[in-house]
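Trainee: I'd like to ask some things about the structure below.
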Amino acid sequence: MRTWLRNVRLATATIARGMYVTLHYFVQSLRRKSFTQFFEYPEKPVPVRPRYRGFHRFDLTTCIGCDKCARACPVDCIYIDKDKAAPPLKGFVVTGFKIDYTKCMFCALCVDPCPVDCIFMGSNHDLSTFGRDGCVVDYAKLPLEVAWGQATLNPTAVHESKRVSLPVWTKSAGG
C-alpha cells in the first residue's frame with residue numbers, strides 16, 4: 001500500500017512540475033511582443049548580423065571565368081557558361097553565371113577560392129517565388145545594381161531577368 005501511495009504522489013508531483021513549466025512558457029508568450037512590433041518587416045528590412053550568409057552578391061564585370069567557385073561548391077549548384085574571348089583578348093567571357101538556390105546550402109565555400117573577389121555572401125534572405133524555376137538565378141541577366149547592389153535579389157528583378165534573352169551587362173553592337 002505504501003509503494004502504491006508513493007507512486008501516486010510521485011506521478012502527481014511529476015505532472016505538476018511539467019504543467020508548471022508549460023504554464024510558465026505560456027505566460028511568457030502572452031507577455032512577449034510580436035515580431036512586427038519590433039520590425040516592420042515587409043516595409044523595412046530586418047537587421048541582420050554582419051557575417052550573415054544570405055543570397056550571394058556577384059560582380060560579373062570582374063569575373064574571369066576560372067570556375068574555382070563552381071569546383072569548390074560541395075553541392076554543385078553553380079553553373080558557369082563562358083566563351084573564349086575575341087583573338088586580341090585572352091581568357092574567357094562569362095555569358096552566364098547561374099546559382100540554383102534549391103540546392104545551395106549557404107556554406108560560403110564558393111567565396112574563398114575566388115581570385116578576384118567577385119562573389120560574396122549578401123544580407124538578403126527573402127527570395128519568394130511561386131515555382132522552382134524562380135530559384136535558379138542567372139546573375140548575367142540581372143542588372144548590375146541588382147546583382148551587386150545592397151538590395152540584391154528582390155523577387156521582382158529575378159522574375160523580370162528571366163524574360164531577358166541576352167546578358168544585361170554586355171553592350172549592343174549599335175550603341
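FYI, nothing fancy with the C-alpha cells labels: chains A, B, ... in order, residues from 1 per chain, ligands from 1 as they appear.
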Would you list the contacts of Thr102 (chain A) as a PyMOL selection string, taking every protein, DNA or RNA residue within 10 Å and counting only C-alpha atoms, but skipping same-chain residues closer than 2 positions in sequence?
Mentor: chain A and resi 77+99-100+104-105+132-136
Trainee: If you run DSSP on the backbone here, which positions in chain A get strand (DSSP E)? Please write them as a PyMOL selection string.
Mentor: chain A and resi 56-58+78-84+92-100+119-121+136-138
Trainee: Limited to C-alpha atoms, could you put the picked residues into a file as an mmCIF file, in the first residue's frame?
Mentor:
```
data_model
loop_
_atom_site.group_PDB
_atom_site.id
_atom_site.type_symbol
_atom_site.label_atom_id
_atom_site.label_comp_id
_atom_site.auth_asym_id
_atom_site.auth_seq_id
_atom_site.Cartn_x
_atom_site.Cartn_y
_atom_site.Cartn_z
ATOM 1 C CA HIS A 56 25.045 35.883 -52.996
ATOM 2 C CA ARG A 57 26.208 39.199 -54.397
ATOM 3 C CA PHE A 58 28.120 38.971 -57.629
ATOM 4 C CA ILE A 78 26.846 26.940 -59.509
ATOM 5 C CA TYR A 79 26.748 26.758 -63.307
ATOM 6 C CA ILE A 80 29.094 28.954 -65.358
ATOM 7 C CA ASP A 81 28.663 29.448 -69.110
ATOM 8 C CA LYS A 82 31.669 31.010 -70.819
ATOM 9 C CA ASP A 83 33.085 31.564 -74.277
ATOM 10 C CA LYS A 84 36.606 32.196 -75.471
ATOM 11 C CA PHE A 92 37.087 33.882 -71.219
ATOM 12 C CA VAL A 93 33.949 35.952 -71.472
ATOM 13 C CA VAL A 94 31.344 34.829 -68.937
ATOM 14 C CA THR A 95 27.934 34.629 -70.622
ATOM 15 C CA GLY A 96 26.030 33.014 -67.792
ATOM 16 C CA PHE A 97 26.503 32.597 -64.063
ATOM 17 C CA LYS A 98 23.637 30.626 -62.539
ATOM 18 C CA ILE A 99 23.128 29.596 -58.927
ATOM 19 C CA ASP A 100 20.409 27.077 -58.091
ATOM 20 C CA ILE A 119 31.361 36.782 -55.341
ATOM 21 C CA PHE A 120 30.471 37.034 -51.680
ATOM 22 C CA MET A 121 27.527 36.445 -49.395
ATOM 23 C CA VAL A 136 17.605 29.441 -60.314
ATOM 24 C CA VAL A 137 19.144 32.906 -60.622
ATOM 25 C CA ASP A 138 21.274 33.868 -63.614
#
```
Trainee: Skip Thr129 (chain A) itself and residues of its chain fewer than 6 positions away, then list as a list in words all residues within 10 Å of it, counting only C-alpha atoms.
Mentor: Cys135, Pro155, Thr156, Val158 and His159 of chain A
Trainee: Compile the contact shell of Leu142 (chain A) as a ChimeraX atom specification: residues with an atom at most 8 Å away, counting only C-alpha atoms, same-chain residues fewer than 2 positions apart removed.
Mentor: /A:138-140,144,146-147,157-158,161,167-168
Trainee: Using DSSP secondary structure from the backbone, list all alpha helix (DSSP H) positions within chain A, as an MDAnalysis selection string.
Mentor: chainID A and resid 2:31 35:38 68:72 144:147 155:161
Trainee: From the options A:Cys69, A:Leu30, A:Leu10, A:Val48, which residue's atoms come nearest to Pro115 (chain A), counting only C-alpha atoms?
Mentor: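 Among the listed residues, A:Cys69 lies closest to Pro115 (chain A).
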Trainee: Quick one: pull the distance between CA of Asn124 (chain A) and CA of Lys44 (chain A), Å, one decimal.
Mentor: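 These atoms are spaced 12.2 Å apart.
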Trainee: With only C-alpha atoms as the atoms that count, which of A:Asp112, A:Ala16, A:Glu160, A:Glu145 lies nearest to Thr61 (chain A)?
Mentor: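 Among A:Asp112, A:Ala16, A:Glu160, A:Glu145, it is A:Glu145 that comes nearest to Thr61 (chain A).
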Trainee: So what do you get for CA of Trp148 (chain A) versus CA of Leu60 (chain A), distance-wise?
Mentor: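 Those two atoms sit 8.6 Å apart.
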